[in-house]
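Visitor: The structure under discussion is supplied below as structure tokens; questions concerning it will follow.
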Amino acid sequence: MRKATLIAAVAIVAAAGAIVGVIVSSGGGGSAEPASSGTSSSGSTSGSPGSGSTSTGTSTTGTTSPLIPTTTAAIPPPPGPGSPRLRSFLVGTVDDSLAQRNLASARAQVDLSHQAGFDAIDISAAWQRGETAPAPGTLRGIRNAGEAAKRDNMRLYLVSWHGFAKETPHDGAQRQQFAEFTAALVKALPSASGVIVGNEPNLNTFWLPQFGPDGRDVAASGYEDLLARTYDAVKAASPSTRVIGVGLSPRGADHPHGIRPTHSPAEFIRDLGRDYRATGRRRPLMDAFAIHPYMLSSKIPPTRAHPQTTQITMGDYPKLVTLLDEAFRGTAQRGRTLPILYTEFGVQTVVPRKKLAAYQQGTTPDAADVVSAATQAAYYREALALAYCQPTVKGLFVFHTFDEPDLDGWQSGLYYADRTPKPSLKAFRRAIADLRAGKLTTCR
């Protein structure tokens, strides 16, 4: 999650194989060609939508591994016609610009998100060393967004994270501070349905060190300790609040001595399970699992799978469930049936020249990664249909409602930076309406 506009985002808030034969109806967008990814909007916390994106200087596509599981876990059946899932499946937006110090401004932003079809919002709060509770300024903006969301009958989700890698909580004392900060955050915002703990800890952009001197994965062990402490603190403060880990990047290299030492999601999940077992813990770590299934490029459809590599996107759902089953089977932590949330997914569109005045001149609007609004609409529709048919996936969050105004950022919104709608907005609304009516897809 979140990257180039991280500082601006924090400032805004502080100031203010088992699933086969998915039949996707074709309405709502033009066809697109397969083939890179970006960063954050109006304020967020991710390191790089796509974690292999040009915006973070990464080029990892997921290492090939002979150890990748296929479908060894028994996956629950997909939903049938008339399933309650038609109403319960979450379609959310990740956008920190919704958190405004002025309540009217927050309402205006949230209302546009609601009008786009979203029924949940996701906003971040950043911990700093020494803090055991969020600053009042941070709470004000999020609280305003939460009140606006409640008025629109939308759910509020939070991301509690520490920012870039230099702020990684390195020891037990710092991780306990983070845990207490997160518990205070959810206690101060009782309307929040859940809190995501951290952001892409498998990337060295957000967590260091990734490897020890012997090449061992120390990021997973450090994050396991952070997540365990945070789970316990949050449940003590607000037992009904869902604790959501891990917010994984979809790609990583698994090379301790590489140019950019990172972990693939497959290896990180395995190592997280290993470290959890080693602690002897008898409580869960999380109520749900989060991953950011960005494609390597916005030009690649979300249905593309990667069966021979360690990367995980939506088309790799059987691989993800099998890995969770492998990591946690026989422990107090659910694995195979653990609820999954796709908490960041985005498709970047070209910015028309007539709209460039609303953007800061970073890169060219004709960047290689962007697609047309029609392709964005088609890919969002495909993503909704695919995720809905994956039985343990409980929701899909789009990164973002609004384009980031910096062209070096991420232009995946349904509105341009000036808050005018993109041509994809109408088709996106129709896709959600079709989903709720049971017309979007037939799951087999």
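Here's how to read the names in the structure tokens: chain A, B, ... by the order shown, residue numbers from 1 in each chain, ligand numbers from 1 in the order shown.
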Residues within 10 Å of Thr230 in chain A, please, as a PDB file with N, CA, C and O atoms, in the first residue's frame. Count only C-alpha atoms; anything in the same chain fewer than 2 positions from it doesn't count.
Guide:
ATOM      1  N   SER A 160      -3.394   0.644  10.285  1.00  0.00           N
ATOM      2  CA  SER A 160      -2.415   1.133  11.258  1.00  0.00           C
ATOM      3  C   SER A 160      -1.052   0.658  10.784  1.00  0.00           C
ATOM      4  O   SER A 160      -0.814  -0.538  10.626  1.00  0.00           O
ATOM      5  N   ARG A 175       7.416  -2.520  19.225  1.00  0.00           N
ATOM      6  CA  ARG A 175       6.243  -3.221  18.714  1.00  0.00           C
ATOM      7  C   ARG A 175       5.083  -3.148  19.695  1.00  0.00           C
ATOM      8  O   ARG A 175       3.918  -3.087  19.297  1.00  0.00           O
ATOM      9  N   GLN A 176       5.401  -3.121  20.984  1.00  0.00           N
ATOM     10  CA  GLN A 176       4.341  -2.972  21.971  1.00  0.00           C
ATOM     11  C   GLN A 176       3.744  -1.566  21.912  1.00  0.00           C
ATOM     12  O   GLN A 176       2.525  -1.390  22.057  1.00  0.00           O
ATOM     13  N   GLN A 177       4.587  -0.564  21.677  1.00  0.00           N
ATOM     14  CA  GLN A 177       4.071   0.795  21.480  1.00  0.00           C
ATOM     15  C   GLN A 177       3.112   0.826  20.291  1.00  0.00           C
ATOM     16  O   GLN A 177       2.028   1.422  20.362  1.00  0.00           O
ATOM     17  N   PHE A 178       3.522   0.196  19.193  1.00  0.00           N
ATOM     18  CA  PHE A 178       2.670   0.136  18.009  1.00  0.00           C
ATOM     19  C   PHE A 178       1.343  -0.544  18.334  1.00  0.00           C
ATOM     20  O   PHE A 178       0.266  -0.082  17.924  1.00  0.00           O
ATOM     21  N   ALA A 179       1.398  -1.637  19.066  1.00  0.00           N
ATOM     22  CA  ALA A 179       0.187  -2.371  19.428  1.00  0.00           C
ATOM     23  C   ALA A 179      -0.751  -1.499  20.261  1.00  0.00           C
ATOM     24  O   ALA A 179      -1.972  -1.466  20.030  1.00  0.00           O
ATOM     25  N   GLU A 180      -0.182  -0.766  21.225  1.00  0.00           N
ATOM     26  CA  GLU A 180      -1.009   0.109  22.060  1.00  0.00           C
ATOM     27  C   GLU A 180      -1.573   1.265  21.249  1.00  0.00           C
ATOM     28  O   GLU A 180      -2.722   1.689  21.459  1.00  0.00           O
ATOM     29  N   PHE A 181      -0.788   1.791  20.314  1.00  0.00           N
ATOM     30  CA  PHE A 181      -1.265   2.844  19.414  1.00  0.00           C
ATOM     31  C   PHE A 181      -2.472   2.352  18.621  1.00  0.00           C
ATOM     32  O   PHE A 181      -3.498   3.049  18.512  1.00  0.00           O
ATOM     33  N   THR A 182      -2.376   1.145  18.084  1.00  0.00           N
ATOM     34  CA  THR A 182      -3.472   0.597  17.276  1.00  0.00           C
ATOM     35  C   THR A 182      -4.706   0.346  18.121  1.00  0.00           C
ATOM     36  O   THR A 182      -5.836   0.615  17.692  1.00  0.00           O
ATOM     37  N   ALA A 183      -4.517  -0.169  19.326  1.00  0.00           N
ATOM     38  CA  ALA A 183      -5.650  -0.397  20.230  1.00  0.00           C
ATOM     39  C   ALA A 183      -6.333   0.922  20.569  1.00  0.00           C
ATOM     40  O   ALA A 183      -7.576   1.009  20.603  1.00  0.00           O
ATOM     41  N   VAL A 197      -3.206  -4.344   9.926  1.00  0.00           N
ATOM     42  CA  VAL A 197      -1.981  -4.127  10.698  1.00  0.00           C
ATOM     43  C   VAL A 197      -0.778  -4.128   9.761  1.00  0.00           C
ATOM     44  O   VAL A 197      -0.384  -5.167   9.231  1.00  0.00           O
ATOM     45  N   GLU A 224       5.525 -11.117  12.661  1.00  0.00           N
ATOM     46  CA  GLU A 224       4.698 -12.029  13.460  1.00  0.00           C
ATOM     47  C   GLU A 224       4.568 -11.522  14.893  1.00  0.00           C
ATOM     48  O   GLU A 224       3.476 -11.538  15.475  1.00  0.00           O
ATOM     49  N   ASP A 225       5.672 -11.040  15.453  1.00  0.00           N
ATOM     50  CA  ASP A 225       5.640 -10.501  16.812  1.00  0.00           C
ATOM     51  C   ASP A 225       4.770  -9.249  16.880  1.00  0.00           C
ATOM     52  O   ASP A 225       3.966  -9.084  17.806  1.00  0.00           O
ATOM     53  N   LEU A 226       4.910  -8.379  15.884  1.00  0.00           N
ATOM     54  CA  LEU A 226       4.091  -7.163  15.834  1.00  0.00           C
ATOM     55  C   LEU A 226       2.611  -7.504  15.738  1.00  0.00           C
ATOM     56  O   LEU A 226       1.779  -6.930  16.466  1.00  0.00           O
ATOM     57  N   LEU A 227       2.267  -8.436  14.855  1.00  0.00           N
ATOM     58  CA  LEU A 227       0.863  -8.792  14.650  1.00  0.00           C
ATOM     59  C   LEU A 227       0.270  -9.450  15.896  1.00  0.00           C
ATOM     60  O   LEU A 227      -0.868  -9.155  16.289  1.00  0.00           O
ATOM     61  N   ALA A 228       1.035 -10.326  16.541  1.00  0.00           N
ATOM     62  CA  ALA A 228       0.538 -10.984  17.750  1.00  0.00           C
ATOM     63  C   ALA A 228       0.260  -9.975  18.858  1.00  0.00           C
ATOM     64  O   ALA A 228      -0.789 -10.012  19.520  1.00  0.00           O
ATOM     65  N   ASP A 232      -3.607  -8.943  20.322  1.00  0.00           N
ATOM     66  CA  ASP A 232      -3.976  -9.017  21.740  1.00  0.00           C
ATOM     67  C   ASP A 232      -4.416  -7.656  22.270  1.00  0.00           C
ATOM     68  O   ASP A 232      -5.397  -7.558  23.028  1.00  0.00           O
ATOM     69  N   ALA A 233      -3.720  -6.597  21.889  1.00  0.00           N
ATOM     70  CA  ALA A 233      -4.056  -5.261  22.386  1.00  0.00           C
ATOM     71  C   ALA A 233      -5.405  -4.794  21.840  1.00  0.00           C
ATOM     72  O   ALA A 233      -6.226  -4.226  22.574  1.00  0.00           O
ATOM     73  N   VAL A 234      -5.647  -5.034  20.561  1.00  0.00           N
ATOM     74  CA  VAL A 234      -6.917  -4.616  19.965  1.00  0.00           C
ATOM     75  C   VAL A 234      -8.083  -5.390  20.561  1.00  0.00           C
ATOM     76  O   VAL A 234      -9.136  -4.813  20.880  1.00  0.00           O
ATOM     77  N   LYS A 235      -7.935  -6.692  20.719  1.00  0.00           N
ATOM     78  CA  LYS A 235      -9.027  -7.490  21.273  1.00  0.00           C
ATOM     79  C   LYS A 235      -9.334  -7.107  22.721  1.00  0.00           C
ATOM     80  O   LYS A 235     -10.481  -7.184  23.168  1.00  0.00           O
ATOM     81  N   ALA A 236      -8.307  -6.685  23.456  1.00  0.00           N
ATOM     82  CA  ALA A 236      -8.544  -6.228  24.826  1.00  0.00           C
ATOM     83  C   ALA A 236      -9.307  -4.909  24.844  1.00  0.00           C
ATOM     84  O   ALA A 236     -10.139  -4.663  25.732  1.00  0.00           O
ATOM     85  N   VAL A 243      -9.205  -7.876  13.370  1.00  0.00           N
ATOM     86  CA  VAL A 243      -7.789  -7.610  13.138  1.00  0.00           C
ATOM     87  C   VAL A 243      -7.391  -8.288  11.833  1.00  0.00           C
ATOM     88  O   VAL A 243      -7.555  -9.508  11.678  1.00  0.00           O
ATOM     89  N   LEU A 285      -3.467 -14.990  15.228  1.00  0.00           N
ATOM     90  CA  LEU A 285      -2.770 -13.754  14.884  1.00  0.00           C
ATOM     91  C   LEU A 285      -3.708 -12.740  14.246  1.00  0.00           C
ATOM     92  O   LEU A 285      -3.468 -11.533  14.319  1.00  0.00           O
ATOM     93  N   MET A 286      -4.756 -13.218  13.593  1.00  0.00           N
ATOM     94  CA  MET A 286      -5.607 -12.333  12.797  1.00  0.00           C
ATOM     95  C   MET A 286      -6.963 -12.982  12.559  1.00  0.00           C
ATOM     96  O   MET A 286      -7.108 -14.207  12.632  1.00  0.00           O
TER      97      MET A 286
END
Visitor: Can you tell me, as a count of residues only, what residues are no more than 9 Å from Pro391 in chain A when counting only C-alpha atoms, ignoring any on the same chain fewer than 3 positions away?
Guide: 10
Visitor: Can you check which residues of range 372-435 of chain A DSSP gives as helix (DSSP H, G or I) on the backbone and send them as an mmCIF file with all heavy atoms, in the first residue's frame?
Guide:
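Final file, out.cif:
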data_model
loop_
_atom_site.group_PDB
_atom_site.id
_atom_site.type_symbol
_atom_site.label_atom_id
_atom_site.label_comp_id
_atom_site.auth_asym_id
_atom_site.auth_seq_id
_atom_site.Cartn_x
_atom_site.Cartn_y
_atom_site.Cartn_z
ATOM 1 N N ALA A 373 -10.035 4.436 -20.196
ATOM 2 C CA ALA A 373 -11.084 4.325 -19.186
ATOM 3 C C ALA A 373 -11.968 3.113 -19.455
ATOM 4 O O ALA A 373 -12.454 2.463 -18.522
ATOM 5 C CB ALA A 373 -11.912 5.609 -19.161
ATOM 6 N N ALA A 374 -12.186 2.786 -20.724
ATOM 7 C CA ALA A 374 -12.999 1.616 -21.063
ATOM 8 C C ALA A 374 -12.334 0.329 -20.583
ATOM 9 O O ALA A 374 -13.000 -0.576 -20.063
ATOM 10 C CB ALA A 374 -13.240 1.555 -22.570
ATOM 11 N N THR A 375 -11.018 0.240 -20.750
ATOM 12 C CA THR A 375 -10.295 -0.935 -20.264
ATOM 13 C C THR A 375 -10.314 -0.991 -18.745
ATOM 14 O O THR A 375 -10.475 -2.057 -18.143
ATOM 15 C CB THR A 375 -8.848 -0.915 -20.781
ATOM 16 O OG1 THR A 375 -8.865 -0.980 -22.205
ATOM 17 C CG2 THR A 375 -8.059 -2.097 -20.241
ATOM 18 N N GLN A 376 -10.151 0.160 -18.088
ATOM 19 C CA GLN A 376 -10.238 0.186 -16.625
ATOM 20 C C GLN A 376 -11.585 -0.360 -16.173
ATOM 21 O O GLN A 376 -11.656 -1.198 -15.263
ATOM 22 C CB GLN A 376 -10.061 1.611 -16.095
ATOM 23 C CG GLN A 376 -10.091 1.692 -14.572
ATOM 24 C CD GLN A 376 -10.288 3.105 -14.045
ATOM 25 O OE1 GLN A 376 -11.209 3.820 -14.470
ATOM 26 N NE2 GLN A 376 -9.419 3.518 -13.135
ATOM 27 N N ALA A 377 -12.655 0.101 -16.791
ATOM 28 C CA ALA A 377 -13.990 -0.363 -16.414
ATOM 29 C C ALA A 377 -14.128 -1.866 -16.619
ATOM 30 O O ALA A 377 -14.679 -2.582 -15.771
ATOM 31 C CB ALA A 377 -15.046 0.386 -17.223
ATOM 32 N N ALA A 378 -13.611 -2.361 -17.748
ATOM 33 C CA ALA A 378 -13.704 -3.788 -18.032
ATOM 34 C C ALA A 378 -12.918 -4.604 -17.018
ATOM 35 O O ALA A 378 -13.383 -5.648 -16.544
ATOM 36 C CB ALA A 378 -13.192 -4.064 -19.445
ATOM 37 N N TYR A 379 -11.728 -4.141 -16.654
ATOM 38 C CA TYR A 379 -10.893 -4.880 -15.709
ATOM 39 C C TYR A 379 -11.462 -4.827 -14.293
ATOM 40 O O TYR A 379 -11.365 -5.810 -13.544
ATOM 41 C CB TYR A 379 -9.461 -4.349 -15.733
ATOM 42 C CG TYR A 379 -8.662 -4.815 -16.934
ATOM 43 C CD1 TYR A 379 -9.228 -5.629 -17.913
ATOM 44 C CD2 TYR A 379 -7.326 -4.452 -17.081
ATOM 45 C CE1 TYR A 379 -8.492 -6.055 -19.001
ATOM 46 C CE2 TYR A 379 -6.578 -4.881 -18.174
ATOM 47 C CZ TYR A 379 -7.167 -5.682 -19.130
ATOM 48 O OH TYR A 379 -6.437 -6.116 -20.203
ATOM 49 N N TYR A 380 -12.045 -3.709 -13.893
ATOM 50 C CA TYR A 380 -12.684 -3.650 -12.583
ATOM 51 C C TYR A 380 -13.887 -4.605 -12.545
ATOM 52 O O TYR A 380 -14.137 -5.264 -11.533
ATOM 53 C CB TYR A 380 -13.115 -2.224 -12.256
ATOM 54 C CG TYR A 380 -11.978 -1.332 -11.764
ATOM 55 C CD1 TYR A 380 -12.120 0.053 -11.725
ATOM 56 C CD2 TYR A 380 -10.778 -1.867 -11.338
ATOM 57 C CE1 TYR A 380 -11.086 0.875 -11.275
ATOM 58 C CE2 TYR A 380 -9.745 -1.061 -10.886
ATOM 59 C CZ TYR A 380 -9.891 0.312 -10.860
ATOM 60 O OH TYR A 380 -8.873 1.114 -10.411
ATOM 61 N N ARG A 381 -14.601 -4.679 -13.630
ATOM 62 C CA ARG A 381 -15.740 -5.603 -13.687
ATOM 63 C C ARG A 381 -15.252 -7.054 -13.572
ATOM 64 O O ARG A 381 -15.809 -7.850 -12.824
ATOM 65 C CB ARG A 381 -16.510 -5.399 -14.992
ATOM 66 C CG ARG A 381 -17.797 -6.220 -15.088
ATOM 67 C CD ARG A 381 -18.536 -5.966 -16.383
ATOM 68 N NE ARG A 381 -19.807 -6.702 -16.401
ATOM 69 C CZ ARG A 381 -20.962 -6.222 -15.982
ATOM 70 N NH1 ARG A 381 -21.031 -4.982 -15.502
ATOM 71 N NH2 ARG A 381 -22.054 -6.965 -16.025
ATOM 72 N N GLU A 382 -14.197 -7.382 -14.312
ATOM 73 C CA GLU A 382 -13.643 -8.733 -14.245
ATOM 74 C C GLU A 382 -13.131 -9.048 -12.836
ATOM 75 O O GLU A 382 -13.304 -10.164 -12.340
ATOM 76 C CB GLU A 382 -12.512 -8.883 -15.257
ATOM 77 C CG GLU A 382 -12.969 -8.900 -16.697
ATOM 78 C CD GLU A 382 -11.814 -9.033 -17.669
ATOM 79 O OE1 GLU A 382 -10.705 -9.418 -17.229
ATOM 80 O OE2 GLU A 382 -12.015 -8.760 -18.863
ATOM 81 N N ALA A 383 -12.486 -8.071 -12.203
ATOM 82 C CA ALA A 383 -11.955 -8.281 -10.857
ATOM 83 C C ALA A 383 -13.081 -8.543 -9.857
ATOM 84 O O ALA A 383 -12.973 -9.434 -9.003
ATOM 85 C CB ALA A 383 -11.129 -7.072 -10.426
ATOM 86 N N LEU A 384 -14.162 -7.781 -9.952
ATOM 87 C CA LEU A 384 -15.303 -7.985 -9.059
ATOM 88 C C LEU A 384 -15.906 -9.370 -9.249
ATOM 89 O O LEU A 384 -16.211 -10.073 -8.283
ATOM 90 C CB LEU A 384 -16.365 -6.918 -9.317
ATOM 91 C CG LEU A 384 -16.085 -5.517 -8.768
ATOM 92 C CD1 LEU A 384 -17.066 -4.511 -9.366
ATOM 93 C CD2 LEU A 384 -16.171 -5.501 -7.250
ATOM 94 N N ALA A 385 -16.077 -9.767 -10.514
ATOM 95 C CA ALA A 385 -16.670 -11.072 -10.800
ATOM 96 C C ALA A 385 -15.793 -12.205 -10.283
ATOM 97 O O ALA A 385 -16.282 -13.169 -9.689
ATOM 98 C CB ALA A 385 -16.895 -11.215 -12.302
ATOM 99 N N LEU A 386 -14.488 -12.085 -10.505
ATOM 100 C CA LEU A 386 -13.560 -13.129 -10.074
ATOM 101 C C LEU A 386 -13.508 -13.230 -8.560
ATOM 102 O O LEU A 386 -13.616 -14.324 -7.986
ATOM 103 C CB LEU A 386 -12.171 -12.835 -10.634
ATOM 104 C CG LEU A 386 -11.056 -13.839 -10.310
ATOM 105 C CD1 LEU A 386 -11.407 -15.219 -10.865
ATOM 106 C CD2 LEU A 386 -9.737 -13.357 -10.877
ATOM 107 N N ALA A 387 -13.345 -12.085 -7.886
ATOM 108 C CA ALA A 387 -13.240 -12.089 -6.420
ATOM 109 C C ALA A 387 -14.520 -12.593 -5.771
ATOM 110 O O ALA A 387 -14.477 -13.320 -4.767
ATOM 111 C CB ALA A 387 -12.909 -10.688 -5.920
ATOM 112 N N TYR A 388 -15.664 -12.231 -6.328
ATOM 113 C CA TYR A 388 -16.934 -12.669 -5.761
ATOM 114 C C TYR A 388 -17.043 -14.195 -5.750
ATOM 115 O O TYR A 388 -17.579 -14.780 -4.814
ATOM 116 C CB TYR A 388 -18.101 -12.080 -6.553
ATOM 117 C CG TYR A 388 -19.444 -12.595 -6.082
ATOM 118 C CD1 TYR A 388 -20.058 -12.053 -4.954
ATOM 119 C CD2 TYR A 388 -20.075 -13.658 -6.735
ATOM 120 C CE1 TYR A 388 -21.278 -12.550 -4.498
ATOM 121 C CE2 TYR A 388 -21.276 -14.164 -6.286
ATOM 122 C CZ TYR A 388 -21.878 -13.606 -5.170
ATOM 123 O OH TYR A 388 -23.069 -14.101 -4.713
ATOM 124 N N SER A 424 -15.262 5.742 -17.078
ATOM 125 C CA SER A 424 -15.419 4.402 -16.493
ATOM 126 C C SER A 424 -16.397 4.370 -15.325
ATOM 127 O O SER A 424 -16.822 3.283 -14.911
ATOM 128 C CB SER A 424 -14.060 3.884 -16.023
ATOM 129 O OG SER A 424 -13.428 4.839 -15.181
ATOM 130 N N LEU A 425 -16.752 5.513 -14.769
ATOM 131 C CA LEU A 425 -17.560 5.542 -13.549
ATOM 132 C C LEU A 425 -18.915 4.872 -13.745
ATOM 133 O O LEU A 425 -19.339 4.050 -12.930
ATOM 134 C CB LEU A 425 -17.746 6.985 -13.069
ATOM 135 C CG LEU A 425 -18.640 7.161 -11.832
ATOM 136 C CD1 LEU A 425 -18.043 6.449 -10.619
ATOM 137 C CD2 LEU A 425 -18.843 8.636 -11.520
ATOM 138 N N LYS A 426 -19.579 5.212 -14.816
ATOM 139 C CA LYS A 426 -20.928 4.664 -15.052
ATOM 140 C C LYS A 426 -20.878 3.144 -15.166
ATOM 141 O O LYS A 426 -21.717 2.431 -14.603
ATOM 142 C CB LYS A 426 -21.519 5.287 -16.307
ATOM 143 C CG LYS A 426 -22.959 4.873 -16.571
ATOM 144 C CD LYS A 426 -23.520 5.606 -17.789
ATOM 145 C CE LYS A 426 -24.961 5.194 -18.059
ATOM 146 N NZ LYS A 426 -25.505 5.924 -19.247
ATOM 147 N N ALA A 427 -19.885 2.627 -15.880
ATOM 148 C CA ALA A 427 -19.758 1.177 -16.038
ATOM 149 C C ALA A 427 -19.414 0.505 -14.716
ATOM 150 O O ALA A 427 -19.854 -0.622 -14.447
ATOM 151 C CB ALA A 427 -18.700 0.865 -17.087
ATOM 152 N N PHE A 428 -18.609 1.155 -13.877
ATOM 153 C CA PHE A 428 -18.273 0.603 -12.567
ATOM 154 C C PHE A 428 -19.524 0.496 -11.697
ATOM 155 O O PHE A 428 -19.760 -0.522 -11.041
ATOM 156 C CB PHE A 428 -17.221 1.473 -11.894
ATOM 157 C CG PHE A 428 -16.744 0.956 -10.560
ATOM 158 C CD1 PHE A 428 -15.852 -0.099 -10.489
ATOM 159 C CD2 PHE A 428 -17.184 1.531 -9.375
ATOM 160 C CE1 PHE A 428 -15.408 -0.590 -9.267
ATOM 161 C CE2 PHE A 428 -16.745 1.054 -8.144
ATOM 162 C CZ PHE A 428 -15.851 -0.009 -8.094
ATOM 163 N N ARG A 429 -20.325 1.556 -11.709
ATOM 164 C CA ARG A 429 -21.588 1.508 -10.958
ATOM 165 C C ARG A 429 -22.463 0.350 -11.441
ATOM 166 O O ARG A 429 -23.085 -0.357 -10.643
ATOM 167 C CB ARG A 429 -22.354 2.820 -11.144
ATOM 168 C CG ARG A 429 -21.820 4.014 -10.400
ATOM 169 C CD ARG A 429 -22.695 5.195 -10.738
ATOM 170 N NE ARG A 429 -22.261 6.435 -10.130
ATOM 171 C CZ ARG A 429 -22.445 7.626 -10.667
ATOM 172 N NH1 ARG A 429 -23.054 7.730 -11.846
ATOM 173 N NH2 ARG A 429 -22.046 8.714 -10.058
ATOM 174 N N ARG A 430 -22.525 0.176 -12.754
ATOM 175 C CA ARG A 430 -23.352 -0.891 -13.306
ATOM 176 C C ARG A 430 -22.829 -2.256 -12.891
ATOM 177 O O ARG A 430 -23.610 -3.171 -12.594
ATOM 178 C CB ARG A 430 -23.401 -0.779 -14.824
ATOM 179 C CG ARG A 430 -24.319 -1.821 -15.468
ATOM 180 C CD ARG A 430 -24.646 -1.493 -16.907
ATOM 181 N NE ARG A 430 -23.470 -1.515 -17.754
ATOM 182 C CZ ARG A 430 -22.946 -0.441 -18.339
ATOM 183 N NH1 ARG A 430 -23.470 0.758 -18.132
ATOM 184 N NH2 ARG A 430 -21.884 -0.543 -19.122
ATOM 185 N N ALA A 431 -21.492 -2.402 -12.839
ATOM 186 C CA ALA A 431 -20.919 -3.674 -12.423
ATOM 187 C C ALA A 431 -21.321 -4.022 -10.998
ATOM 188 O O ALA A 431 -21.672 -5.165 -10.691
ATOM 189 C CB ALA A 431 -19.401 -3.624 -12.559
ATOM 190 N N ILE A 432 -21.287 -3.036 -10.116
ATOM 191 C CA ILE A 432 -21.672 -3.286 -8.720
ATOM 192 C C ILE A 432 -23.163 -3.587 -8.626
ATOM 193 O O ILE A 432 -23.587 -4.490 -7.896
ATOM 194 C CB ILE A 432 -21.289 -2.085 -7.830
ATOM 195 C CG1 ILE A 432 -19.766 -1.935 -7.796
ATOM 196 C CG2 ILE A 432 -21.834 -2.272 -6.417
ATOM 197 C CD1 ILE A 432 -19.284 -0.739 -7.029
ATOM 198 N N ALA A 433 -23.986 -2.840 -9.373
ATOM 199 C CA ALA A 433 -25.425 -3.119 -9.368
ATOM 200 C C ALA A 433 -25.708 -4.531 -9.879
ATOM 201 O O ALA A 433 -26.551 -5.250 -9.322
ATOM 202 C CB ALA A 433 -26.155 -2.088 -10.226
ATOM 203 N N ASP A 434 -24.980 -4.947 -10.909
ATOM 204 C CA ASP A 434 -25.156 -6.303 -11.433
ATOM 205 C C ASP A 434 -24.704 -7.341 -10.424
ATOM 206 O O ASP A 434 -25.328 -8.407 -10.284
ATOM 207 C CB ASP A 434 -24.371 -6.465 -12.732
ATOM 208 C CG ASP A 434 -25.010 -5.736 -13.910
ATOM 209 O OD1 ASP A 434 -26.170 -5.297 -13.772
ATOM 210 O OD2 ASP A 434 -24.340 -5.597 -14.958
ATOM 211 N N LEU A 435 -23.622 -7.047 -9.705
ATOM 212 C CA LEU A 435 -23.166 -7.970 -8.668
ATOM 213 C C LEU A 435 -24.249 -8.153 -7.616
ATOM 214 O O LEU A 435 -24.586 -9.285 -7.243
ATOM 215 C CB LEU A 435 -21.873 -7.449 -8.033
ATOM 216 C CG LEU A 435 -21.206 -8.328 -6.971
ATOM 217 C CD1 LEU A 435 -19.706 -8.116 -6.967
ATOM 218 C CD2 LEU A 435 -21.749 -8.050 -5.579
#
Visitor: Give me the residues within 9 Å of range 121-132 of chain A as a ChimeraX atom specification, counting only C-alpha atoms and dropping any in the same chain fewer than 6 places off.
Guide: /A:9-10,13-14,43-45,91-99,110,113,138-139,142,145-146,149,154-163,167-169,174,176-185,196,343,397
Visitor: If we count only C-alpha atoms, what is near Gly330 in chain A at a cut-off of 12 Å, once residues fewer than 2 positions away on the same chain are taken out, given as a ChimeraX atom specification?
Guide: /A:273,276-277,282,284,324-328,332-336
Visitor: Hey, which of A:Gly117, A:Gly258, A:Gly198, A:Pro302 ends up closest to Asp152 in chain A? Count only C-alpha atoms.
Guide: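 Between A:Gly117, A:Gly258, A:Gly198, A:Pro302, the residue approaching Asp152 in chain A most closely is A:Gly117.
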Visitor: Enumerate as a VMD selection string all residues of range 106-214 of chain A assigned to strand (DSSP E) by DSSP on the backbone, naming them with the chain letters and numbers the document uses.
Guide: chain A and resid 120 to 126 155 to 161 192 to 197
Visitor: Within 10 Å of Leu203 in chain A, counting only C-alpha atoms, which residues show up once you throw out same-chain ones fewer than 3 positions away? Write them as an MDAnalysis selection string, please.
Guide: chainID A and resid 47:48 51 165 199:200 206:210 219 248:253 260:265
